[in-house]
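Source file: work-v3.cif (mmCIF, C-alpha atoms)
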data_structure
#
loop_
_atom_site.label_atom_id
_atom_site.label_comp_id
_atom_site.auth_asym_id
_atom_site.auth_seq_id
_atom_site.Cartn_x
_atom_site.Cartn_y
_atom_site.Cartn_z
CA MET F 381 -47.20 -80.48 -69.91
CA ASN F 382 -49.04 -83.15 -67.95
CA VAL F 383 -52.23 -83.84 -69.95
CA ARG F 384 -54.35 -84.20 -66.79
CA ALA F 385 -53.19 -80.83 -65.48
CA VAL F 386 -54.10 -79.15 -68.78
CA ALA F 387 -57.47 -80.93 -68.83
CA ALA F 388 -58.26 -79.69 -65.31
CA GLN F 389 -57.44 -76.12 -66.39
CA VAL F 390 -59.70 -76.39 -69.47
CA ILE F 391 -62.63 -77.76 -67.45
CA TYR F 392 -62.12 -75.03 -64.85
CA GLN F 393 -62.27 -72.40 -67.62
CA VAL F 394 -65.50 -73.87 -68.98
CA VAL F 395 -67.41 -74.77 -65.79
CA ASP F 396 -66.25 -72.02 -63.43
CA GLN F 397 -65.41 -69.21 -65.85
CA GLY F 398 -68.06 -69.80 -68.51
CA GLN F 399 -65.71 -70.11 -71.49
CA SER F 400 -66.78 -72.29 -74.39
CA LEU F 401 -64.88 -75.53 -74.92
CA SER F 402 -64.18 -74.51 -78.52
CA ALA F 403 -62.38 -71.41 -77.18
CA ALA F 404 -60.55 -73.08 -74.27
CA LEU F 405 -59.44 -76.38 -75.83
CA PRO F 406 -57.39 -75.39 -78.95
CA PRO F 407 -54.82 -73.23 -77.06
CA ALA F 408 -54.60 -75.93 -74.40
CA GLN F 409 -53.78 -78.53 -77.07
CA GLN F 410 -50.73 -76.45 -77.97
CA LYS F 411 -49.36 -77.06 -74.47
CA VAL F 412 -49.22 -80.84 -74.80
CA ALA F 413 -47.28 -83.14 -77.11
CA PRO F 414 -49.02 -83.67 -80.47
CA ARG F 415 -49.62 -87.34 -79.65
CA ASP F 416 -51.51 -86.27 -76.50
CA GLY F 417 -53.94 -83.87 -78.21
CA ALA F 418 -56.59 -86.56 -78.75
CA LEU F 419 -56.28 -87.78 -75.14
CA LEU F 420 -56.73 -84.23 -73.86
CA GLN F 421 -59.85 -83.81 -75.99
CA GLU F 422 -61.29 -87.16 -74.89
CA ILE F 423 -60.86 -86.29 -71.19
CA CYS F 424 -62.34 -82.78 -71.52
CA TYR F 425 -65.31 -83.96 -73.58
CA GLY F 426 -65.90 -86.91 -71.28
CA VAL F 427 -65.87 -84.92 -68.04
CA LEU F 428 -68.30 -82.39 -69.53
CA ARG F 429 -70.57 -85.16 -70.83
CA TRP F 430 -70.85 -86.78 -67.40
CA LEU F 431 -70.32 -83.78 -65.11
CA PRO F 432 -73.26 -84.33 -62.67
CA ARG F 433 -72.31 -87.97 -62.13
CA LEU F 434 -68.67 -87.10 -61.44
CA GLU F 435 -69.67 -84.18 -59.20
CA SER F 436 -71.95 -86.45 -57.18
CA ILE F 437 -69.13 -88.95 -56.61
CA THR F 438 -66.72 -86.18 -55.63
CA GLN F 439 -69.16 -84.78 -53.05
CA SER F 440 -69.53 -88.23 -51.53
CA LEU F 441 -65.75 -88.58 -51.12
CA MET F 442 -64.86 -85.15 -49.74
CA ASP F 443 -65.68 -83.59 -46.38
CA LYS F 444 -65.71 -80.06 -47.80
CA PRO F 445 -65.45 -78.69 -51.34
CA LEU F 446 -62.33 -77.04 -52.73
CA LYS F 447 -62.84 -73.31 -53.25
CA GLY F 448 -61.10 -70.25 -54.67
CA LYS F 449 -57.64 -70.90 -56.08
CA GLN F 450 -58.00 -74.58 -55.27
CA ARG F 451 -60.98 -75.05 -57.62
CA VAL F 452 -58.76 -76.31 -60.44
CA PHE F 453 -57.89 -79.27 -58.18
CA HIS F 454 -61.57 -80.05 -57.81
CA HIS F 455 -61.65 -80.38 -61.60
CA LEU F 456 -58.45 -82.43 -61.50
CA ILE F 457 -60.28 -84.93 -59.30
CA LEU F 458 -63.10 -85.07 -61.88
CA VAL F 459 -60.45 -85.78 -64.51
CA GLY F 460 -59.16 -88.69 -62.45
CA LEU F 461 -62.63 -90.08 -61.79
CA TYR F 462 -63.55 -89.93 -65.47
CA GLN F 463 -60.46 -91.91 -66.47
CA ILE F 464 -61.10 -94.63 -63.89
CA SER F 465 -64.81 -94.86 -64.65
CA PHE F 466 -65.01 -94.44 -68.42
CA MET F 467 -61.63 -94.90 -70.08
CA ARG F 468 -59.50 -97.92 -70.88
CA ILE F 469 -56.45 -96.45 -69.15
CA PRO F 470 -55.37 -98.80 -66.33
CA ALA F 471 -56.63 -97.33 -63.04
CA HIS F 472 -53.17 -97.28 -61.43
CA ALA F 473 -51.77 -95.26 -64.37
CA ALA F 474 -54.73 -92.86 -64.37
CA VAL F 475 -54.31 -92.24 -60.63
CA ALA F 476 -50.51 -91.82 -60.83
CA GLU F 477 -50.66 -89.34 -63.74
CA THR F 478 -53.50 -87.35 -62.14
CA VAL F 479 -51.70 -87.15 -58.80
CA ASP F 480 -48.49 -86.04 -60.58
CA ALA F 481 -50.47 -83.16 -62.12
CA THR F 482 -50.56 -81.47 -58.68
CA LYS F 483 -46.86 -80.64 -59.13
CA VAL F 484 -47.45 -79.07 -62.54
CA LEU F 485 -50.33 -77.06 -61.06
CA LYS F 486 -47.95 -75.89 -58.33
CA LYS F 487 -49.78 -77.27 -55.33
CA PRO F 488 -47.89 -80.48 -54.47
CA GLN F 489 -49.35 -80.25 -50.95
CA LEU F 490 -52.70 -81.34 -52.45
CA ARG F 491 -51.11 -84.51 -53.80
CA GLY F 492 -52.29 -86.50 -50.78
CA LEU F 493 -55.88 -85.30 -51.09
CA VAL F 494 -56.16 -86.09 -54.81
CA ASN F 495 -54.58 -89.49 -54.27
CA ALA F 496 -56.86 -90.31 -51.32
CA VAL F 497 -60.05 -89.36 -53.19
CA LEU F 498 -59.17 -91.40 -56.29
CA ARG F 499 -58.07 -94.43 -54.24
CA SER F 500 -61.28 -94.25 -52.24
CA TYR F 501 -63.27 -94.24 -55.46
CA GLN F 502 -61.43 -97.33 -56.68
CA ARG F 503 -62.33 -99.17 -53.47
CA GLN F 504 -66.00 -98.07 -53.42
CA GLN F 505 -66.65 -97.69 -57.15
CA GLU F 506 -69.70 -99.93 -57.41
CA THR F 507 -71.51 -98.32 -54.48
CA LEU F 508 -70.61 -94.76 -55.48
CA ASP F 509 -71.61 -95.29 -59.12
CA ALA F 510 -74.99 -96.64 -58.05
CA ALA F 511 -75.60 -93.61 -55.82
CA ALA F 512 -74.50 -91.20 -58.57
CA VAL F 513 -77.12 -92.49 -61.02
CA ALA F 514 -79.94 -92.51 -58.46
CA HIS F 515 -80.89 -88.95 -59.56
CA ASP F 516 -81.79 -87.99 -63.14
CA ALA F 517 -78.98 -85.48 -63.68
CA GLY F 518 -76.39 -88.11 -62.74
CA LYS F 519 -78.11 -90.87 -64.67
CA TYR F 520 -78.62 -88.90 -67.88
CA GLY F 521 -75.77 -86.38 -67.71
CA HIS F 522 -78.02 -83.39 -68.49
CA PRO F 523 -79.15 -80.47 -66.32
CA SER F 524 -82.68 -80.92 -64.97
CA TRP F 525 -84.16 -77.96 -66.89
CA LEU F 526 -82.98 -79.43 -70.20
CA LEU F 527 -84.18 -82.93 -69.32
CA LYS F 528 -87.65 -81.57 -68.51
CA LEU F 529 -87.73 -79.62 -71.77
CA LEU F 530 -86.78 -82.73 -73.78
CA GLN F 531 -89.26 -84.93 -71.93
CA LYS F 532 -92.08 -82.48 -72.66
CA ALA F 533 -91.12 -81.88 -76.30
CA TYR F 534 -90.29 -85.49 -77.17
CA PRO F 535 -92.16 -87.82 -74.77
CA GLU F 536 -91.42 -90.85 -76.98
CA GLN F 537 -87.89 -89.92 -78.05
CA TRP F 538 -86.20 -87.94 -75.27
CA GLU F 539 -84.09 -90.88 -74.07
CA GLN F 540 -82.83 -91.44 -77.61
CA VAL F 541 -81.89 -87.75 -77.79
CA VAL F 542 -80.03 -87.94 -74.48
CA GLU F 543 -78.22 -91.07 -75.61
CA ALA F 544 -77.25 -89.48 -78.93
CA ASN F 545 -75.89 -86.44 -77.07
CA HIS F 546 -73.37 -88.71 -75.34
CA GLU F 547 -72.10 -90.31 -78.52
CA LYS F 548 -68.94 -89.24 -80.28
CA ALA F 549 -70.00 -87.30 -83.36
CA PRO F 550 -68.94 -88.73 -86.72
CA MET F 551 -66.84 -86.77 -89.18
CA TRP F 552 -68.86 -85.71 -92.23
CA LEU F 553 -67.31 -84.30 -95.38
CA ARG F 554 -68.84 -82.02 -98.00
CA VAL F 555 -67.39 -82.77 -101.42
CA ASN F 556 -66.82 -79.64 -103.50
CA ARG F 557 -68.73 -80.48 -106.67
CA THR F 558 -66.76 -77.93 -108.69
CA HIS F 559 -63.80 -80.36 -108.37
CA HIS F 560 -65.32 -83.84 -107.98
CA THR F 561 -68.58 -85.68 -107.84
CA ARG F 562 -69.25 -87.31 -104.49
CA ASP F 563 -68.65 -90.76 -106.02
CA SER F 564 -65.36 -89.84 -107.65
CA TYR F 565 -64.02 -88.30 -104.45
CA ARG F 566 -65.26 -91.31 -102.49
CA ALA F 567 -63.23 -93.55 -104.82
CA LEU F 568 -60.20 -91.36 -104.16
CA LEU F 569 -60.66 -91.81 -100.41
CA THR F 570 -61.00 -95.57 -100.86
CA GLU F 571 -57.68 -95.60 -102.74
CA ASN F 572 -56.16 -93.85 -99.74
CA GLY F 573 -57.55 -96.44 -97.32
CA ILE F 574 -60.31 -94.18 -95.99
CA ASP F 575 -63.72 -95.87 -95.75
CA THR F 576 -66.91 -93.81 -96.10
CA ASP F 577 -70.69 -93.98 -96.17
CA VAL F 578 -73.09 -91.79 -98.16
CA HIS F 579 -76.20 -89.95 -97.02
CA SER F 580 -79.67 -90.46 -98.52
CA ASP F 581 -80.58 -86.75 -98.84
CA ALA F 582 -77.35 -84.74 -98.61
CA GLU F 583 -75.96 -85.23 -102.11
CA ASP F 584 -72.44 -83.95 -101.37
CA ALA F 585 -72.00 -85.71 -98.01
CA LEU F 586 -69.63 -88.52 -97.05
CA LYS F 587 -69.30 -89.93 -93.53
CA LEU F 588 -65.87 -91.22 -92.56
CA ALA F 589 -65.85 -94.66 -90.92
CA SER F 590 -63.39 -93.12 -88.43
CA PRO F 591 -62.35 -89.46 -88.09
CA CYS F 592 -58.95 -88.42 -89.42
CA ASP F 593 -56.80 -85.33 -89.62
CA VAL F 594 -57.85 -83.09 -92.53
CA THR F 595 -54.28 -83.25 -93.85
CA ALA F 596 -54.96 -86.93 -94.68
CA LEU F 597 -57.82 -85.93 -97.01
CA PRO F 598 -56.81 -85.72 -100.69
CA GLY F 599 -56.87 -82.14 -101.94
CA PHE F 600 -58.10 -80.59 -98.68
CA ALA F 601 -55.69 -77.64 -98.96
CA ASP F 602 -56.81 -77.17 -102.58
CA GLY F 603 -60.48 -76.95 -101.64
CA TRP F 604 -61.65 -80.33 -102.88
CA VAL F 605 -63.52 -81.06 -99.68
CA SER F 606 -64.69 -79.48 -96.41
CA VAL F 607 -65.73 -80.79 -92.99
CA GLN F 608 -69.45 -80.16 -92.36
CA ASP F 609 -72.19 -82.22 -90.74
CA ALA F 610 -74.75 -83.70 -93.13
CA ALA F 611 -77.60 -81.88 -91.34
CA ALA F 612 -75.98 -78.52 -92.09
CA GLN F 613 -75.46 -79.57 -95.71
CA LEU F 614 -79.22 -80.06 -96.12
CA SER F 615 -79.62 -76.26 -96.17
CA ILE F 616 -78.88 -76.38 -99.90
CA ASN F 617 -81.90 -78.69 -100.47
CA TYR F 618 -84.25 -76.12 -98.97
CA LEU F 619 -82.58 -72.95 -100.28
CA GLN F 620 -82.22 -74.25 -103.87
CA PRO F 621 -80.04 -71.34 -105.10
CA GLN F 622 -80.21 -70.37 -108.78
CA SER F 623 -77.67 -68.79 -111.12
CA GLY F 624 -77.47 -65.01 -111.05
CA GLU F 625 -79.56 -64.59 -107.90
CA LEU F 626 -78.76 -62.22 -105.04
CA ILE F 627 -78.56 -64.48 -101.97
CA LEU F 628 -77.96 -63.59 -98.32
CA ASP F 629 -76.44 -66.02 -95.84
CA CYS F 630 -77.52 -64.32 -92.63
CA CYS F 631 -75.50 -65.19 -89.48
CA ALA F 632 -73.05 -66.91 -91.82
CA ALA F 633 -69.96 -67.64 -89.71
CA PRO F 634 -67.96 -69.85 -90.01
CA GLY F 635 -69.09 -69.93 -93.65
CA GLY F 636 -69.78 -73.57 -94.48
CA LYS F 637 -73.22 -72.86 -95.90
CA THR F 638 -71.98 -69.78 -97.81
CA CYS F 639 -69.37 -71.92 -99.52
CA HIS F 640 -71.86 -74.70 -100.21
CA ILE F 641 -74.15 -72.24 -102.02
CA LEU F 642 -71.26 -71.11 -104.22
CA GLU F 643 -70.14 -74.69 -104.89
CA HIS F 644 -73.62 -75.26 -106.35
CA LYS F 645 -74.00 -71.90 -108.12
CA ALA F 646 -70.66 -70.14 -108.57
CA ASP F 647 -72.35 -67.34 -110.51
CA ALA F 648 -74.76 -66.45 -107.70
CA ASN F 649 -74.18 -63.12 -106.00
CA VAL F 650 -73.75 -64.22 -102.39
CA VAL F 651 -73.56 -61.94 -99.35
CA ALA F 652 -72.28 -63.48 -96.11
CA MET F 653 -73.22 -61.44 -93.04
CA ASP F 654 -72.48 -61.99 -89.36
CA VAL F 655 -72.37 -59.85 -86.23
CA ASP F 656 -69.05 -61.33 -85.05
CA ALA F 657 -66.06 -59.79 -86.85
CA THR F 658 -63.65 -62.39 -85.45
CA ARG F 659 -65.74 -65.33 -86.68
CA LEU F 660 -66.05 -63.65 -90.09
CA LEU F 661 -62.31 -64.23 -90.50
CA ARG F 662 -63.16 -67.95 -90.68
CA VAL F 663 -65.64 -67.21 -93.48
CA LYS F 664 -62.91 -65.43 -95.44
CA GLU F 665 -60.43 -68.27 -94.80
CA ASN F 666 -62.92 -70.87 -96.03
CA LEU F 667 -63.75 -68.85 -99.14
CA GLN F 668 -60.06 -68.44 -99.87
CA ARG F 669 -59.23 -72.14 -99.47
CA LEU F 670 -62.16 -73.09 -101.70
CA GLN F 671 -61.33 -70.29 -104.19
CA LEU F 672 -64.85 -68.87 -104.00
CA ASN F 673 -66.07 -65.27 -103.94
CA ALA F 674 -68.69 -63.70 -101.69
CA GLN F 675 -69.28 -60.26 -100.24
CA VAL F 676 -68.51 -60.52 -96.50
CA ILE F 677 -70.20 -57.98 -94.21
CA CYS F 678 -70.12 -57.45 -90.45
CA GLY F 679 -73.49 -56.29 -89.15
CA ASP F 680 -76.43 -56.90 -86.84
CA ALA F 681 -79.20 -58.84 -88.54
CA ARG F 682 -81.83 -56.90 -86.58
CA TYR F 683 -80.78 -53.63 -88.22
CA PRO F 684 -80.17 -54.30 -91.94
CA ALA F 685 -80.37 -50.60 -92.82
CA ASP F 686 -77.02 -50.16 -91.03
CA TRP F 687 -75.16 -52.52 -93.39
CA TRP F 688 -77.25 -53.06 -96.54
CA GLN F 689 -78.34 -50.38 -99.00
CA GLY F 690 -78.70 -52.70 -102.01
CA GLU F 691 -81.78 -54.30 -103.51
CA GLN F 692 -83.87 -56.97 -101.81
CA PHE F 693 -82.62 -60.55 -101.89
CA ASP F 694 -83.94 -63.40 -104.05
CA ARG F 695 -83.17 -65.89 -101.28
CA ILE F 696 -82.18 -65.61 -97.64
CA LEU F 697 -80.71 -68.38 -95.53
CA LEU F 698 -81.32 -67.32 -91.93
CA ASP F 699 -79.21 -69.59 -89.73
CA ALA F 700 -80.47 -67.96 -86.56
CA PRO F 701 -78.63 -67.58 -83.25
CA CYS F 702 -79.92 -70.44 -81.09
CA SER F 703 -79.39 -72.60 -78.03
CA ALA F 704 -77.33 -75.09 -80.10
CA THR F 705 -79.09 -77.94 -78.26
CA GLY F 706 -78.86 -80.02 -81.43
CA VAL F 707 -75.06 -80.15 -81.39
CA ILE F 708 -74.41 -81.17 -77.77
CA ARG F 709 -72.56 -84.30 -78.91
CA ARG F 710 -70.00 -81.98 -80.56
CA HIS F 711 -70.11 -79.35 -77.81
CA PRO F 712 -70.94 -80.98 -74.44
CA ASP F 713 -70.20 -77.68 -72.66
CA ILE F 714 -73.52 -76.35 -74.05
CA LYS F 715 -75.32 -78.31 -71.32
CA TRP F 716 -73.52 -76.33 -68.60
CA LEU F 717 -73.17 -72.93 -70.29
CA ARG F 718 -76.86 -72.63 -71.23
CA ARG F 719 -79.55 -71.65 -68.74
CA ALA F 720 -83.31 -72.21 -68.96
CA ASP F 721 -84.02 -68.50 -69.35
CA ASP F 722 -81.63 -68.31 -72.32
CA ILE F 723 -84.31 -69.94 -74.48
CA ASP F 724 -86.83 -67.09 -74.03
CA GLN F 725 -84.15 -64.51 -74.79
CA LEU F 726 -83.09 -66.37 -77.92
CA VAL F 727 -86.71 -66.74 -79.09
CA ALA F 728 -87.17 -62.97 -78.80
CA LEU F 729 -83.94 -62.33 -80.73
CA GLN F 730 -84.85 -64.84 -83.46
CA SER F 731 -88.28 -63.25 -83.84
CA GLU F 732 -86.74 -59.80 -84.27
CA ILE F 733 -84.27 -61.07 -86.88
CA LEU F 734 -86.98 -62.98 -88.77
CA ASP F 735 -89.10 -59.84 -89.15
CA ALA F 736 -86.13 -57.67 -90.15
CA MET F 737 -84.89 -60.18 -92.74
CA TRP F 738 -88.35 -60.78 -94.20
CA ALA F 739 -88.45 -57.12 -95.16
CA GLN F 740 -85.20 -57.64 -97.10
CA LEU F 741 -86.69 -60.48 -99.19
CA LYS F 742 -88.14 -59.86 -102.67
CA SER F 743 -91.73 -60.69 -103.49
CA GLY F 744 -91.69 -64.29 -104.72
CA GLY F 745 -88.46 -64.91 -102.81
CA THR F 746 -87.56 -67.80 -100.52
CA MET F 747 -86.36 -67.66 -96.92
CA VAL F 748 -84.99 -70.72 -95.16
CA TYR F 749 -85.15 -70.41 -91.38
CA ALA F 750 -82.61 -72.76 -89.78
CA THR F 751 -81.25 -73.52 -86.32
CA CYS F 752 -79.01 -76.18 -84.79
CA SER F 753 -81.51 -76.40 -81.92
CA ILE F 754 -84.10 -79.01 -80.99
CA THR F 755 -86.34 -76.89 -78.74
CA PRO F 756 -89.83 -76.34 -80.21
CA GLN F 757 -89.85 -72.77 -78.85
CA GLU F 758 -87.00 -71.82 -81.20
CA ASN F 759 -88.24 -73.87 -84.13
CA SER F 760 -91.81 -74.98 -84.90
CA GLU F 761 -93.40 -72.57 -82.40
CA GLN F 762 -91.23 -69.71 -83.66
CA VAL F 763 -92.33 -70.38 -87.24
CA LYS F 764 -96.01 -70.71 -86.25
CA ALA F 765 -95.85 -67.32 -84.54
CA PHE F 766 -94.13 -65.78 -87.56
CA LEU F 767 -96.75 -67.15 -89.97
CA ALA F 768 -99.57 -65.88 -87.72
CA ARG F 769 -98.28 -62.30 -87.86
CA THR F 770 -96.96 -62.27 -91.46
CA SER F 771 -99.73 -62.19 -94.06
CA ASP F 772 -97.46 -62.52 -97.11
CA ALA F 773 -95.61 -65.61 -95.81
CA THR F 774 -96.44 -69.16 -96.93
CA LEU F 775 -94.99 -72.32 -95.41
CA VAL F 776 -93.38 -74.70 -97.92
CA THR F 777 -91.91 -77.30 -95.51
CA GLY F 778 -94.07 -79.32 -93.13
CA THR F 779 -97.69 -78.73 -92.12
CA ALA F 780 -99.56 -75.99 -90.27
CA ASP F 781 -99.52 -78.13 -87.10
CA ARG F 782 -95.89 -79.17 -87.50
CA PRO F 783 -94.15 -76.54 -89.60
CA GLY F 784 -90.68 -77.24 -90.88
CA ARG F 785 -88.48 -80.29 -90.47
CA GLN F 786 -86.98 -81.18 -87.10
CA ILE F 787 -83.92 -83.43 -87.27
CA LEU F 788 -83.03 -84.99 -83.92
CA PRO F 789 -79.43 -85.76 -82.87
CA GLY F 790 -78.29 -89.12 -84.18
CA GLU F 791 -80.94 -89.29 -86.93
CA GLU F 792 -79.04 -90.77 -89.90
CA ASN F 793 -75.89 -89.99 -87.88
CA MET F 794 -76.64 -86.24 -88.15
CA ASP F 795 -76.58 -83.40 -85.67
CA GLY F 796 -79.88 -81.99 -84.44
CA PHE F 797 -81.13 -79.32 -86.85
CA TYR F 798 -84.29 -77.51 -87.93
CA TYR F 799 -85.39 -76.15 -91.30
CA ALA F 800 -88.46 -74.24 -92.42
CA GLU F 801 -88.78 -73.02 -96.00
CA LEU F 802 -90.96 -69.92 -96.37
CA LYS F 803 -92.20 -68.23 -99.55
CA LYS F 804 -93.01 -64.53 -99.86
CA ALA F 805 -96.11 -63.57 -101.85
#
Now that the file is in, can you turn its structure into structure tokens?
Amino acid sequence: MNVRAVAAQVIYQVVDQGQSLSAALPPAQQKVAPRDGALLQEICYGVLRWLPRLESITQSLMDKPLKGKQRVFHHLILVGLYQISFMRIPAHAAVAETVDATKVLKKPQLRGLVNAVLRSYQRQQETLDAAAVAHDAGKYGHPSWLLKLLQKAYPEQWEQVVEANHEKAPMWLRVNRTHHTRDSYRALLTENGIDTDVHSDAEDALKLASPCDVTALPGFADGWVSVQDAAAQLSINYLQPQSGELILDCCAAPGGKTCHILEHKADANVVAMDVDATRLLRVKENLQRLQLNAQVICGDARYPADWWQGEQFDRILLDAPCSATGVIRRHPDIKWLRRADDIDQLVALQSEILDAMWAQLKSGGTMVYATCSITPQENSEQVKAFLARTSDATLVTGTADRPGRQILPGEENMDGFYYAELKKA
């Protein structure tokens, strides 16, 4: 199928229907030739990164918006504008291919409209671009509520965060230390013409100089290596699992951290729990590929009595449900699927899970509270509130004023992440 037509359908599903990009994109990639999969991804990611700017330009060029069944053609115009404005594709080719997509989308009568809008943009590009960045949403490519939140939380760093959110995320690998040391696997990659960098804190992490298909990675099918951001790999530094311990990975899907625990301590008794049965299939697949064993349970972390009748845990990794504002560079749709009031709802849910899980932790045990968020409400403020109401909890990471460790997007090429290590008396 025409790549631009498929891209317009994906963006329609995300923006108008509220689907996540990670749900909408993979089936769409099956509709295009294998060589076009990367182009489709680039267009979809790009349009969602710069949506307010492209919307502003579209409004300037159209007398009235497209509605109802014609909405997919509105998104097709965004696809065309993104190619002209941001990609190296020659403008005439971008316009021709985008206009041709009207036939695939079965509305050839809109061919003239799409063509006229894109040609008008070409003629007035400088003026229209200037107008589109005159407002903050267009300039920074973030919704106003999120910009305000970042500006308040990070008055010195918010522009760096915004900039990092627009960058293409690097591909990080986690070397399975039961097969290779990081250095020996790195040498293997070098032999295969794959250049890498190491990370200062994440001992199993390698960053590829340029992303590649996992099939190009030596021993991937045999479990020698996994794809996981370095920030997520740092969970092992805070959890510090020990042999023979009973360890819970709470909200575990898709299972990267579960597997990392077992790669460090294969004789630990690990329980991987998540509320989403479908996503737990990914946990099982990862365990199988890596030839690791864990008990996989579907349950709601707020109600542990419904799924756990065993003894209390020595360690709990609580990777809490969150706004995912730390991984926008990997999931640009987050900016448009999240709403300001989602944060308060998530904070309430996290608080409930924290209290429920704390009761499942042994005296002397360790809990690591983690999110892939960068909002203080979900992270440092959440932990402060927990410590204030929990007399037998002691903070190990950070200070009373700034509990935990907040990693911002782009820091050492990592995703945004938060960790707080807590000890139970």
Requested in this report: Would you translate the PyMOL selection byres ((chain F and resi 707) around 8) into the concrete set of residues it matches in this file, as a VMD selection string?
Outcome: chain F and resid 545 704 to 706 708 to 711 752 to 753 789 795 to 796
Query raised in the report: Between atom CA of F:Glu625 and atom CA of F:His644, what is the spacing in Å?
Result: 12.3 Å
Report task. Output the residue selection produced by the PyMOL selection byres ((chain F and resi 600) around 12) on the file above, formatted as a PyMOL selection string. Result -> chain F and resi 553-556+559+565+569+593-599+601-607+666+669-670
Please dump the current selection as a CSV table (one decimal), in the frame of the given file; keep C-alpha atoms.
chain,number,residue,atom,x,y,z
F,553,LEU,CA,-67.3,-84.3,-95.4
F,554,ARG,CA,-68.8,-82.0,-98.0
F,555,VAL,CA,-67.4,-82.8,-101.4
F,556,ASN,CA,-66.8,-79.6,-103.5
F,559,HIS,CA,-63.8,-80.4,-108.4
F,565,TYR,CA,-64.0,-88.3,-104.4
F,569,LEU,CA,-60.7,-91.8,-100.4
F,593,ASP,CA,-56.8,-85.3,-89.6
F,594,VAL,CA,-57.8,-83.1,-92.5
F,595,THR,CA,-54.3,-83.2,-93.8
F,596,ALA,CA,-55.0,-86.9,-94.7
F,597,LEU,CA,-57.8,-85.9,-97.0
F,598,PRO,CA,-56.8,-85.7,-100.7
F,599,GLY,CA,-56.9,-82.1,-101.9
F,601,ALA,CA,-55.7,-77.6,-99.0
F,602,ASP,CA,-56.8,-77.2,-102.6
F,603,GLY,CA,-60.5,-77.0,-101.6
F,604,TRP,CA,-61.6,-80.3,-102.9
F,605,VAL,CA,-63.5,-81.1,-99.7
F,606,SER,CA,-64.7,-79.5,-96.4
F,607,VAL,CA,-65.7,-80.8,-93.0
F,666,ASN,CA,-62.9,-70.9,-96.0
F,669,ARG,CA,-59.2,-72.1,-99.5
F,670,LEU,CA,-62.2,-73.1,-101.7
Query raised in the report: Between F:Gly573, F:Gly690, F:Pro701, F:Gly790, which is the closest to F:Val655 once you count only C-alpha atoms?
Result: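 Checking each of F:Gly573, F:Gly690, F:Pro701, F:Gly790 against F:Val655, counting only C-alpha atoms, the winner is F:Pro701.
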Query raised in the report: Which is closer to F:Pro414 than all the others in F:Val383, F:Ala728, F:Ala388, F:Ala611, using all atoms listed in the file?
Result: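 When distances to F:Pro414 are compared using all atoms listed in the file, the smallest one comes from F:Val383.
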Requested in this report: Run the PyMOL selection byres ((chain F and resi 691-697) around 7) on the file and write out the hits as a VMD selection string.
Outcome: chain F and resid 619 625 to 630 689 to 690 698 to 699 740 to 742 745 to 749
Report task. Give me, please, the distance in Å between atom CA of F:Tyr534 and atom CA of F:Asp516, quoted to one decimal. Result ->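 For atom CA of F:Tyr534 relative to atom CA of F:Asp516, the distance reads 16.6 Å.
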Report task. Can you work out which one of F:Asp480, F:Glu665, F:Asp724, F:Glu422 has the shortest atom-to-atom distance to F:Pro634, counting all atoms listed in the file? Result ->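 Checking each candidate against F:Pro634, we get F:Glu665 as the closest.
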**Report entry** Atom-to-atom span, atom CA of F:Cys424 and atom CA of F:Asp654, Å
**Finding:**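 These two atoms are separated by 29.2 Å.
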Requested in this report: Find the residues near F:Asp575: any atom within 8 Å, counting all atoms listed in the file, skip ones fewer than 4 places away on the same chain, and give them as a PyMOL selection string.
Outcome: chain F and resi 569-570+588-590
Report task. May I have the residues within 9 Å of stretch 580-585 of chain F as a PyMOL selection string, using all atoms listed in the file and disregarding those fewer than 3 positions away in the same chain? Result -> chain F and resi 552-557+561-562+577+608-611+613-614+616-617+792
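Minimum atom-to-atom distance to F:His579, evaluated using all atoms listed in the file, belongs to F:Glu791 out of F:Glu543, F:Glu791, F:Asp509, F:Glu536.
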Query raised in the report: Hey, which of F:Gly679, F:Pro535, F:Gly426, F:Pro783 ends up closest to F:Gly521? Count all atoms listed in the file.
Result: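 Among the listed residues, F:Gly426 lies closest to F:Gly521.
Distances to F:Ser436 were evaluated for F:Leu508, F:Leu490, F:Val542, F:Met467 using all atoms listed in the file, and the minimum falls at F:Leu508.
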Query raised in the report: Which residues come within 9 Å of stretch 444-459 of chain F, counting only C-alpha atoms, excluding same-chain residues fewer than 5 positions away, as a PyMOL selection string?
Result: chain F and resi 384-385+387-389+391-393+396+423-424+426-427+431+434-435+437-439+464+478-479+481-482+485+487+490+494-495+497-498
Quick one: stretch 528-532 of chain F with N, CA and C atoms, as a CSV table (one decimal), in the frame of the given file?
chain,number,residue,atom,x,y,z
F,528,LYS,N,-86.2,-81.8,-68.5
F,528,LYS,CA,-87.6,-81.6,-68.5
F,528,LYS,C,-88.1,-81.1,-69.9
F,529,LEU,N,-87.4,-80.2,-70.5
F,529,LEU,CA,-87.7,-79.6,-71.8
F,529,LEU,C,-87.8,-80.7,-72.8
F,530,LEU,N,-86.8,-81.6,-72.8
F,530,LEU,CA,-86.8,-82.7,-73.8
F,530,LEU,C,-87.9,-83.7,-73.5
F,531,GLN,N,-88.2,-84.0,-72.3
F,531,GLN,CA,-89.3,-84.9,-71.9
F,531,GLN,C,-90.6,-84.4,-72.4
F,532,LYS,N,-90.8,-83.1,-72.2
F,532,LYS,CA,-92.1,-82.5,-72.7
F,532,LYS,C,-92.2,-82.4,-74.2
